[in-house]
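**Student:** Below you'll find the structure I mean.
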Amino acid sequence: MQENSPEDFKRELGLLDGTMLVVGSMIGSGIFIVSSDMVRQVGSAGWLIAIWVLTALLTIVAAVSYGELSAMFPKAGGQYVYLKEAYGKLIGFLYGWSFFAVIQTGTIAAVGVAFSKFAAYVETYVIYYCNLNRMPFLRDNNIIYDLGEFKVFSTQIVSIITIVLLTYINSRGVKNSKIMQTVLTIIKILSLLGLIIFGFALGAKAEIWNANWADAWATKSFVKESGSWIPISGMALITAVSAALVGSIFSSDAWNGVTFIAGEIKNPKRNVGLSLFLGTLIVSVIYILANLMYLAVVPLQGIATAESDRVAVVASQSIFGEIGTLIIAVMIMISTFACNNGLIMAGARVYYTMAKDGLFFKKAAVLNASSVPSWSLWAQCIWASALCLTGKYGDLLDFVVIIVLIFYILTIYGIFILRKKMPDAERPYKAFGYPFLPMLYLIIATAICVALLFTKTSTCGWGVLIMLIGIPIYYFTKKEEV
């Protein structure tokens with residue numbers, strides 16, 4: 001076996017580590033929250049589960065399709081490498097640009113803020129039950145610095161602290177971060193399965209389940225102002241389904257993170273693709289079961305009107321009583337912490353590979369003494385922290401979904417291109433169901449993109465614009481090199 005040179009990544013991650021990275025990066029705070037807005041959009045149990053099943057199928061088909069690409073190019077950079085090989089450096093750069101500007105850093109910022117918001121629940125709970133005579137430090141209106149229009153809140157500070165801490169841990173080597181990722185993700189899986197099992201065993205009520213499924217396919221939308229439902233059809237239904245898909249797709253994203261660290265995976269030609277399949281399958285099953293549990297425990301109206309969309313809190317309170325809020329808060333803190341660890345670990349490898357190709361800052365292409373791209377890690381940390389301070393992370397989530405889908409479409413179509421462009425290339429694994437399943441994904445994902453652009457132009461349109469801004473930047477940097 002060839003030994004790693006001092007400038008190589010260390011292959012220290014096995015199949016379990018890769019699978020746990022997929023699962024840990026996918027499960028953040030979304031599954032605890034987004035179903036509330038999804039119910040408000042489509043208004044029925046049948047449509048809610050159908051959208052989660054559609055998202056699961058799309059995710060698994062995409063993941064097994066990526067298996068062919070990961071086996072062809074078993075090195076750091078993942079999706080960026082696949083796009084560059086299929087389409088050339090411009091498309092690869094546009095992905096890397098969007099990845100650094102919005103996709104990865106925006107997600108890290110949003111997940112960090114979710115961590116701090118639920119940490120606030122734990123602090124408030126402790127203060128209340130311990131009869132401590134003080135105000136909680138972590139609250140949305142606790143301003144730490146006030147510079148007029150620009151304000152820094154305590155929750156933002158905590159978000160940044162977690163991002164800096166995880167970046168530091170990752171900069172010390174992949175071994176410690178992989179152990180933490182695997183342990184926290186196993187805890188997260190067991191916690192979610194426990195919530196689902198206890199939900200069905202202790203909280204499920206036949207009358208709630210039957211009422212929720214009585215009119216399973218009636219399409220209606222919830223009006224918050226009046227607290228009433230209105231029937232929808234035609235274009236209004238397309239708009240509602242598109243809006244609901246934003247939540248489920250975003251909650252199911254980040255599964256491709258394991259492809260970015262392929263340079264550190266043992267036997268990557270086998271383990272990367274297998275990690276993708278196992279990880280997405282595990283998460284998809286958990287997500288569908290969690291939503292079925294919500295429908296067994298909470299009336300549809302209660303899901304739609306959950307305070308701050310925290311449907312898991314409502315369900316947990318029905319199952320465990322008042323302590324349910326604390327249980328969910330701790331679960332989400334563990335979930336988001338592990339999620340951000342995976343995102344931070346994987347993201348830096350993309351900038352490293354781009355720098356190796358001359359498409360990012362040269363310092364990003366250097367590994368430190370622990371064989372990790374520390375400069376890339378800290379650059380990512382600084383920009384993600386800045387996004388935390390802007391307070392615009394909510395909008396960034398909408399931007400992310402459209403860009404993510406566009407690049408998933410391009411990457412999977414890249415399989416067709418590379419079959420013609422490199423017919424004799426070694427393919428230890430071939431895309432399952434090719435060409436039918438990848439083509440089915442392309443058709444459905446393209447339809448979703450078109451629907452999103454028409455129905456959520458104000459946010460998704462900005463996401464596309466951010467991506468396209470990368471074109472003049474690419475040509476400007478190329479001109480500077482000449």
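If you're wondering about the labels, chains in the structure tokens are A, B, ... by order shown, residues count from 1 in each chain, ligands from 1 in order shown.
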Give me, as JSON lines, each residue of stretch 334-428 of chain A that comes within 9 Å of stretch 61-80 of chain A, together with its shortest interatomic pair and the distance in Å at one decimal, counting only C-alpha atoms, with rows ordered by chain and rising residue number.
**Tutor:**
```
{"residue": "A:Ala346", "atom": "CA", "partner": "A:Gly77", "partner_atom": "CA", "distance": 8.7}
{"residue": "A:Gly347", "atom": "CA", "partner": "A:Gly77", "partner_atom": "CA", "distance": 8.7}
{"residue": "A:Ala348", "atom": "CA", "partner": "A:Gly77", "partner_atom": "CA", "distance": 8.9}
{"residue": "A:Arg349", "atom": "CA", "partner": "A:Gly77", "partner_atom": "CA", "distance": 5.6}
{"residue": "A:Val350", "atom": "CA", "partner": "A:Gly77", "partner_atom": "CA", "distance": 4.4}
{"residue": "A:Tyr351", "atom": "CA", "partner": "A:Gly77", "partner_atom": "CA", "distance": 7.7}
{"residue": "A:Tyr352", "atom": "CA", "partner": "A:Gly77", "partner_atom": "CA", "distance": 7.6}
{"residue": "A:Thr353", "atom": "CA", "partner": "A:Gly77", "partner_atom": "CA", "distance": 5.4}
{"residue": "A:Met354", "atom": "CA", "partner": "A:Gly77", "partner_atom": "CA", "distance": 7.7}
{"residue": "A:Phe407", "atom": "CA", "partner": "A:Gln79", "partner_atom": "CA", "distance": 8.7}
{"residue": "A:Tyr408", "atom": "CA", "partner": "A:Ala62", "partner_atom": "CA", "distance": 7.7}
{"residue": "A:Ile409", "atom": "CA", "partner": "A:Ala62", "partner_atom": "CA", "distance": 9.0}
{"residue": "A:Thr411", "atom": "CA", "partner": "A:Gln79", "partner_atom": "CA", "distance": 7.1}
{"residue": "A:Ile412", "atom": "CA", "partner": "A:Ser65", "partner_atom": "CA", "distance": 6.8}
{"residue": "A:Gly414", "atom": "CA", "partner": "A:Leu69", "partner_atom": "CA", "distance": 8.9}
{"residue": "A:Ile415", "atom": "CA", "partner": "A:Leu69", "partner_atom": "CA", "distance": 7.2}
{"residue": "A:Ala425", "atom": "CA", "partner": "A:Met72", "partner_atom": "CA", "distance": 7.5}
{"residue": "A:Glu426", "atom": "CA", "partner": "A:Met72", "partner_atom": "CA", "distance": 6.4}
{"residue": "A:Arg427", "atom": "CA", "partner": "A:Met72", "partner_atom": "CA", "distance": 5.6}
{"residue": "A:Pro428", "atom": "CA", "partner": "A:Ala71", "partner_atom": "CA", "distance": 6.0}
```
**Student:** Would you mind exporting the chosen residues as an mmCIF file, in the first residue's frame, restricted to C-alpha atoms?
**Tutor:**
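out02.cif, freshly written:
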```
data_model
loop_
_atom_site.group_PDB
_atom_site.id
_atom_site.type_symbol
_atom_site.label_atom_id
_atom_site.label_comp_id
_atom_site.auth_asym_id
_atom_site.auth_seq_id
_atom_site.Cartn_x
_atom_site.Cartn_y
_atom_site.Cartn_z
ATOM 1 C CA ALA A 346 -16.515 18.784 4.518
ATOM 2 C CA GLY A 347 -16.711 22.355 3.233
ATOM 3 C CA ALA A 348 -13.041 23.210 3.650
ATOM 4 C CA ARG A 349 -12.022 20.340 1.344
ATOM 5 C CA VAL A 350 -13.831 21.979 -1.587
ATOM 6 C CA TYR A 351 -11.855 25.229 -1.232
ATOM 7 C CA TYR A 352 -8.658 23.198 -0.884
ATOM 8 C CA THR A 353 -9.299 21.394 -4.180
ATOM 9 C CA MET A 354 -10.321 24.621 -5.944
ATOM 10 C CA PHE A 407 -26.024 21.923 -9.228
ATOM 11 C CA TYR A 408 -27.508 18.528 -8.344
ATOM 12 C CA ILE A 409 -29.188 18.533 -11.780
ATOM 13 C CA THR A 411 -23.955 16.897 -11.598
ATOM 14 C CA ILE A 412 -26.312 14.019 -12.380
ATOM 15 C CA GLY A 414 -22.749 14.998 -15.876
ATOM 16 C CA ILE A 415 -22.988 11.196 -15.587
ATOM 17 C CA ALA A 425 -12.678 5.284 -17.691
ATOM 18 C CA GLU A 426 -12.672 2.856 -14.777
ATOM 19 C CA ARG A 427 -16.134 2.705 -13.182
ATOM 20 C CA PRO A 428 -15.993 0.391 -10.139
#
```
**Student:** Please provide as a VMD selection string all residues within 7 Å of A:Ala304, with the sequence filter that same-chain residues fewer than 6 positions apart are discarded (counting only C-alpha atoms).
**Tutor:** chain A and resid 36 to 37 39 to 40
**Student:** Could you take the residues named above and write them with C-alpha atoms, as a PDB file, in the first residue's frame?
**Tutor:**
```pdb
ATOM      1  CA  SER A  36     -45.385  23.041  10.469  1.00  0.00           C
ATOM      2  CA  ASP A  37     -45.017  25.341   7.454  1.00  0.00           C
ATOM      3  CA  VAL A  39     -48.856  21.625   6.638  1.00  0.00           C
ATOM      4  CA  ARG A  40     -49.861  25.286   6.346  1.00  0.00           C
TER       5      ARG A  40
END
```
**Student:** Considering only C-alpha atoms, return as a PyMOL selection string whatever protein or nucleic-acid residues lie within 10 Å of stretch 237-239 of chain A, sequence-local ones (same chain, fewer than 3 positions apart) excluded.
**Tutor:** chain A and resi 41-42+219-221+231-234+242-245+448+451-452+454-456
**Student:** What does the distance from atom CA of A:Gly88 to atom CA of A:Gly279 come to in Å, to one decimal?
**Tutor:**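 Atom-to-atom, atom CA of A:Gly88 and atom CA of A:Gly279 are spaced 29.5 Å apart.
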**Student:** Atom CA of A:Ala45 and atom CA of A:Gly321, how far apart in Å?
**Tutor:** 24.4 Å
**Student:** Env of A:Trp375: 12 Å cut, atoms = only C-alpha atoms, seq-sep filter 3 positions within chain, self excluded. Answer as a compact mmCIF listing (two decimals) with all heavy atoms, in the first residue's frame.
**Tutor:**
```
# COMPACT_ATOMS: atom_id res chain seq x y z
N THR A 167 -14.46 24.78 14.28
CA THR A 167 -13.37 25.01 13.31
C THR A 167 -12.02 24.69 13.95
O THR A 167 -11.16 24.05 13.33
CB THR A 167 -13.39 26.47 12.81
OG1 THR A 167 -14.65 26.74 12.17
CG2 THR A 167 -12.26 26.72 11.82
N TYR A 168 -11.85 25.10 15.19
CA TYR A 168 -10.60 24.82 15.90
C TYR A 168 -10.39 23.31 16.05
O TYR A 168 -9.30 22.79 15.78
CB TYR A 168 -10.60 25.48 17.28
CG TYR A 168 -9.41 25.09 18.13
CD1 TYR A 168 -8.15 25.63 17.88
CD2 TYR A 168 -9.54 24.15 19.15
CE1 TYR A 168 -7.04 25.25 18.64
CE2 TYR A 168 -8.46 23.77 19.92
CZ TYR A 168 -7.20 24.32 19.66
OH TYR A 168 -6.12 23.93 20.41
N ASN A 170 -11.60 20.94 14.20
CA ASN A 170 -11.30 20.36 12.89
C ASN A 170 -9.90 20.71 12.41
O ASN A 170 -9.28 19.95 11.67
CB ASN A 170 -12.34 20.82 11.87
CG ASN A 170 -13.59 19.96 11.87
OD1 ASN A 170 -13.64 18.93 11.22
ND2 ASN A 170 -14.58 20.37 12.64
N SER A 171 -9.39 21.87 12.84
CA SER A 171 -8.04 22.28 12.41
C SER A 171 -6.96 21.45 13.09
O SER A 171 -5.81 21.44 12.65
CB SER A 171 -7.81 23.76 12.70
OG SER A 171 -7.67 23.99 14.10
N ARG A 172 -7.32 20.74 14.15
CA ARG A 172 -6.35 19.92 14.89
C ARG A 172 -6.21 18.51 14.32
O ARG A 172 -5.48 17.68 14.86
CB ARG A 172 -6.75 19.83 16.38
CG ARG A 172 -6.95 21.16 17.06
CD ARG A 172 -5.70 21.99 17.09
NE ARG A 172 -4.67 21.38 17.92
CZ ARG A 172 -3.43 21.82 18.02
NH1 ARG A 172 -3.05 22.87 17.30
NH2 ARG A 172 -2.56 21.22 18.82
N ALA A 348 -14.41 22.73 3.87
CA ALA A 348 -13.04 23.21 3.65
C ALA A 348 -12.32 22.42 2.57
O ALA A 348 -11.41 22.94 1.91
CB ALA A 348 -12.26 23.15 4.97
N ARG A 349 -12.71 21.17 2.35
CA ARG A 349 -12.02 20.34 1.34
C ARG A 349 -12.33 20.82 -0.07
O ARG A 349 -11.53 20.61 -0.99
CB ARG A 349 -12.44 18.88 1.50
CG ARG A 349 -11.64 18.09 2.52
CD ARG A 349 -11.80 18.60 3.94
NE ARG A 349 -11.05 17.80 4.91
CZ ARG A 349 -10.95 18.09 6.18
NH1 ARG A 349 -11.54 19.18 6.68
NH2 ARG A 349 -10.24 17.33 7.01
N TYR A 351 -12.72 24.07 -0.98
CA TYR A 351 -11.86 25.23 -1.23
C TYR A 351 -10.41 24.78 -1.45
O TYR A 351 -9.69 25.36 -2.26
CB TYR A 351 -11.94 26.22 -0.07
CG TYR A 351 -13.32 26.38 0.51
CD1 TYR A 351 -13.55 26.33 1.89
CD2 TYR A 351 -14.43 26.57 -0.32
CE1 TYR A 351 -14.82 26.44 2.42
CE2 TYR A 351 -15.71 26.68 0.21
CZ TYR A 351 -15.89 26.62 1.58
OH TYR A 351 -17.15 26.73 2.10
N TYR A 352 -10.01 23.75 -0.72
CA TYR A 352 -8.66 23.20 -0.88
C TYR A 352 -8.45 22.72 -2.32
O TYR A 352 -7.44 23.04 -2.96
CB TYR A 352 -8.46 22.03 0.10
CG TYR A 352 -7.24 21.18 -0.18
CD1 TYR A 352 -5.99 21.54 0.30
CD2 TYR A 352 -7.35 20.01 -0.94
CE1 TYR A 352 -4.87 20.75 0.04
CE2 TYR A 352 -6.25 19.22 -1.20
CZ TYR A 352 -5.01 19.59 -0.72
OH TYR A 352 -3.91 18.82 -0.99
N ALA A 355 -8.37 25.55 -4.84
CA ALA A 355 -7.09 26.25 -4.79
C ALA A 355 -6.01 25.46 -5.53
O ALA A 355 -5.15 26.04 -6.20
CB ALA A 355 -6.67 26.48 -3.34
N PHE A 360 -9.02 29.37 -6.34
CA PHE A 360 -9.29 29.93 -5.01
C PHE A 360 -7.96 30.43 -4.47
O PHE A 360 -6.90 30.26 -5.09
CB PHE A 360 -9.91 28.85 -4.10
CG PHE A 360 -10.70 29.40 -2.95
CD1 PHE A 360 -11.88 30.10 -3.18
CD2 PHE A 360 -10.28 29.23 -1.64
CE1 PHE A 360 -12.63 30.60 -2.12
CE2 PHE A 360 -11.03 29.73 -0.58
CZ PHE A 360 -12.20 30.42 -0.82
N PHE A 361 -7.98 31.09 -3.32
CA PHE A 361 -6.76 31.63 -2.74
C PHE A 361 -5.70 30.54 -2.59
O PHE A 361 -6.00 29.43 -2.13
CB PHE A 361 -7.05 32.27 -1.38
CG PHE A 361 -8.02 33.41 -1.45
CD1 PHE A 361 -9.34 33.25 -1.05
CD2 PHE A 361 -7.62 34.65 -1.93
CE1 PHE A 361 -10.23 34.31 -1.11
CE2 PHE A 361 -8.51 35.71 -2.00
CZ PHE A 361 -9.81 35.54 -1.60
N LYS A 362 -4.45 30.86 -2.94
CA LYS A 362 -3.38 29.86 -2.94
C LYS A 362 -3.18 29.23 -1.57
O LYS A 362 -2.88 28.04 -1.47
CB LYS A 362 -2.07 30.51 -3.40
CG LYS A 362 -2.07 30.89 -4.89
CD LYS A 362 -0.73 31.51 -5.28
CE LYS A 362 -0.73 31.89 -6.76
NZ LYS A 362 0.54 32.52 -7.17
N LYS A 363 -3.35 30.02 -0.50
CA LYS A 363 -3.13 29.50 0.85
C LYS A 363 -4.12 28.39 1.20
O LYS A 363 -3.85 27.57 2.09
CB LYS A 363 -3.23 30.62 1.87
CG LYS A 363 -2.08 31.62 1.80
CD LYS A 363 -2.20 32.67 2.90
CE LYS A 363 -1.02 33.65 2.87
NZ LYS A 363 -1.13 34.68 3.92
N ALA A 364 -5.26 28.36 0.51
CA ALA A 364 -6.26 27.32 0.78
C ALA A 364 -5.77 25.94 0.35
O ALA A 364 -6.33 24.92 0.77
CB ALA A 364 -7.57 27.65 0.08
N ALA A 365 -4.72 25.90 -0.49
CA ALA A 365 -4.22 24.62 -1.00
C ALA A 365 -3.16 24.00 -0.11
O ALA A 365 -2.55 22.99 -0.47
CB ALA A 365 -3.66 24.82 -2.40
N VAL A 366 -2.92 24.58 1.06
CA VAL A 366 -1.86 24.11 1.95
C VAL A 366 -2.47 23.33 3.12
O VAL A 366 -3.44 23.79 3.74
CB VAL A 366 -1.03 25.29 2.49
CG1 VAL A 366 0.04 24.79 3.47
CG2 VAL A 366 -0.38 26.06 1.33
N LEU A 367 -1.91 22.17 3.41
CA LEU A 367 -2.32 21.39 4.58
C LEU A 367 -1.40 21.73 5.74
O LEU A 367 -0.21 21.96 5.56
CB LEU A 367 -2.25 19.90 4.27
CG LEU A 367 -3.11 19.36 3.13
CD1 LEU A 367 -2.94 17.85 3.01
CD2 LEU A 367 -4.58 19.72 3.31
N ASN A 368 -1.96 21.74 6.95
CA ASN A 368 -1.12 22.02 8.12
C ASN A 368 -0.45 20.74 8.61
O ASN A 368 -0.54 19.69 7.97
CB ASN A 368 -1.95 22.70 9.23
CG ASN A 368 -3.03 21.79 9.79
OD1 ASN A 368 -3.09 20.60 9.49
ND2 ASN A 368 -3.89 22.35 10.63
N ALA A 369 0.20 20.83 9.75
CA ALA A 369 0.93 19.67 10.29
C ALA A 369 0.02 18.50 10.61
O ALA A 369 0.46 17.35 10.68
CB ALA A 369 1.70 20.10 11.55
N SER A 371 -2.39 17.58 8.66
CA SER A 371 -2.89 17.11 7.35
C SER A 371 -4.32 17.53 7.08
O SER A 371 -5.10 16.78 6.49
CB SER A 371 -2.74 15.59 7.22
OG SER A 371 -1.38 15.21 7.29
N VAL A 372 -4.69 18.73 7.52
CA VAL A 372 -6.00 19.29 7.20
C VAL A 372 -5.81 20.70 6.64
O VAL A 372 -4.84 21.38 6.98
CB VAL A 372 -6.94 19.33 8.43
CG1 VAL A 372 -7.28 17.93 8.91
CG2 VAL A 372 -6.34 20.16 9.55
N TRP A 378 -10.51 28.19 8.39
CA TRP A 378 -10.67 29.48 9.05
C TRP A 378 -11.30 30.53 8.14
O TRP A 378 -12.06 31.39 8.60
CB TRP A 378 -9.34 29.96 9.62
CG TRP A 378 -8.93 29.17 10.82
CD1 TRP A 378 -7.91 28.27 10.90
CD2 TRP A 378 -9.57 29.16 12.10
NE1 TRP A 378 -7.86 27.71 12.16
CE2 TRP A 378 -8.86 28.22 12.92
CE3 TRP A 378 -10.66 29.83 12.64
CZ2 TRP A 378 -9.22 27.97 14.24
CZ3 TRP A 378 -11.03 29.57 13.96
CH2 TRP A 378 -10.31 28.65 14.74
N ALA A 379 -11.03 30.46 6.83
CA ALA A 379 -11.70 31.37 5.88
C ALA A 379 -13.20 31.11 5.88
O ALA A 379 -14.02 32.04 5.90
CB ALA A 379 -11.12 31.19 4.48
N GLN A 380 -13.57 29.84 5.87
CA GLN A 380 -14.98 29.44 5.95
C GLN A 380 -15.60 29.93 7.25
O GLN A 380 -16.74 30.43 7.27
CB GLN A 380 -15.07 27.92 5.85
CG GLN A 380 -16.46 27.33 6.00
CD GLN A 380 -16.41 25.82 5.88
OE1 GLN A 380 -16.82 25.25 4.88
NE2 GLN A 380 -15.91 25.14 6.90
N CYS A 381 -14.87 29.78 8.34
CA CYS A 381 -15.34 30.20 9.67
C CYS A 381 -15.63 31.70 9.70
O CYS A 381 -16.68 32.13 10.21
CB CYS A 381 -14.28 29.84 10.71
SG CYS A 381 -14.60 30.48 12.37
N ILE A 382 -14.73 32.49 9.15
CA ILE A 382 -14.89 33.95 9.18
C ILE A 382 -16.12 34.38 8.39
O ILE A 382 -16.92 35.20 8.86
CB ILE A 382 -13.61 34.63 8.61
CG1 ILE A 382 -12.45 34.44 9.59
CG2 ILE A 382 -13.86 36.13 8.36
CD1 ILE A 382 -11.09 34.80 9.01
```
**Student:** Rank nothing, just name the residue among A:Gly342, A:Gly43, A:Pro299, A:Gly358 nearest to A:Thr259, using only C-alpha atoms.
**Tutor:** A:Gly342
**Student:** With DSSP run on the backbone, what are the strand (DSSP E) residues within stretch 192-404 of chain A? I'd like them as a list in words.
**Tutor:**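 Going through stretch 192-404 of chain A, the strand (DSSP E) residues come out as Lys220, Ser221, Phe222, Val223, Ser228, Trp229, Ile230 and Pro231 of chain A.
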**Student:** Check the smallest atom-to-atom distance from each of A:Trp255, A:Phe432, A:Tyr474, A:Tyr287 to A:Met26 using only C-alpha atoms, then report the winner.
**Tutor:**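 Answer, going by the shortest atom-to-atom distance: A:Trp255.
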**Student:** Between A:Ile249, A:Ser458, A:Ile108, A:Ala262, which one has atoms that come closest to A:Ile51, using only C-alpha atoms?
**Tutor:** A:Ile249
**Student:** Could you tell me how far atom CA of A:Phe115 lies from atom CA of A:Ile161, in Å and to one decimal?
**Tutor:**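 Taking atom CA of A:Phe115 and atom CA of A:Ile161, their separation equals 10.9 Å.
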**Student:** So, counting only C-alpha atoms, which residue among A:Thr162, A:Ser29, A:Ser376, A:Thr336 is closest to A:Val311?
**Tutor:** A:Ser29
**Student:** Calculated over only C-alpha atoms, which of the candidates A:Val113, A:Ile473, A:Ile261, A:Ile288 has the smallest distance to A:Val81?
**Tutor:**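 Looking at the shortest contact to A:Val81, the residue is A:Ile261.
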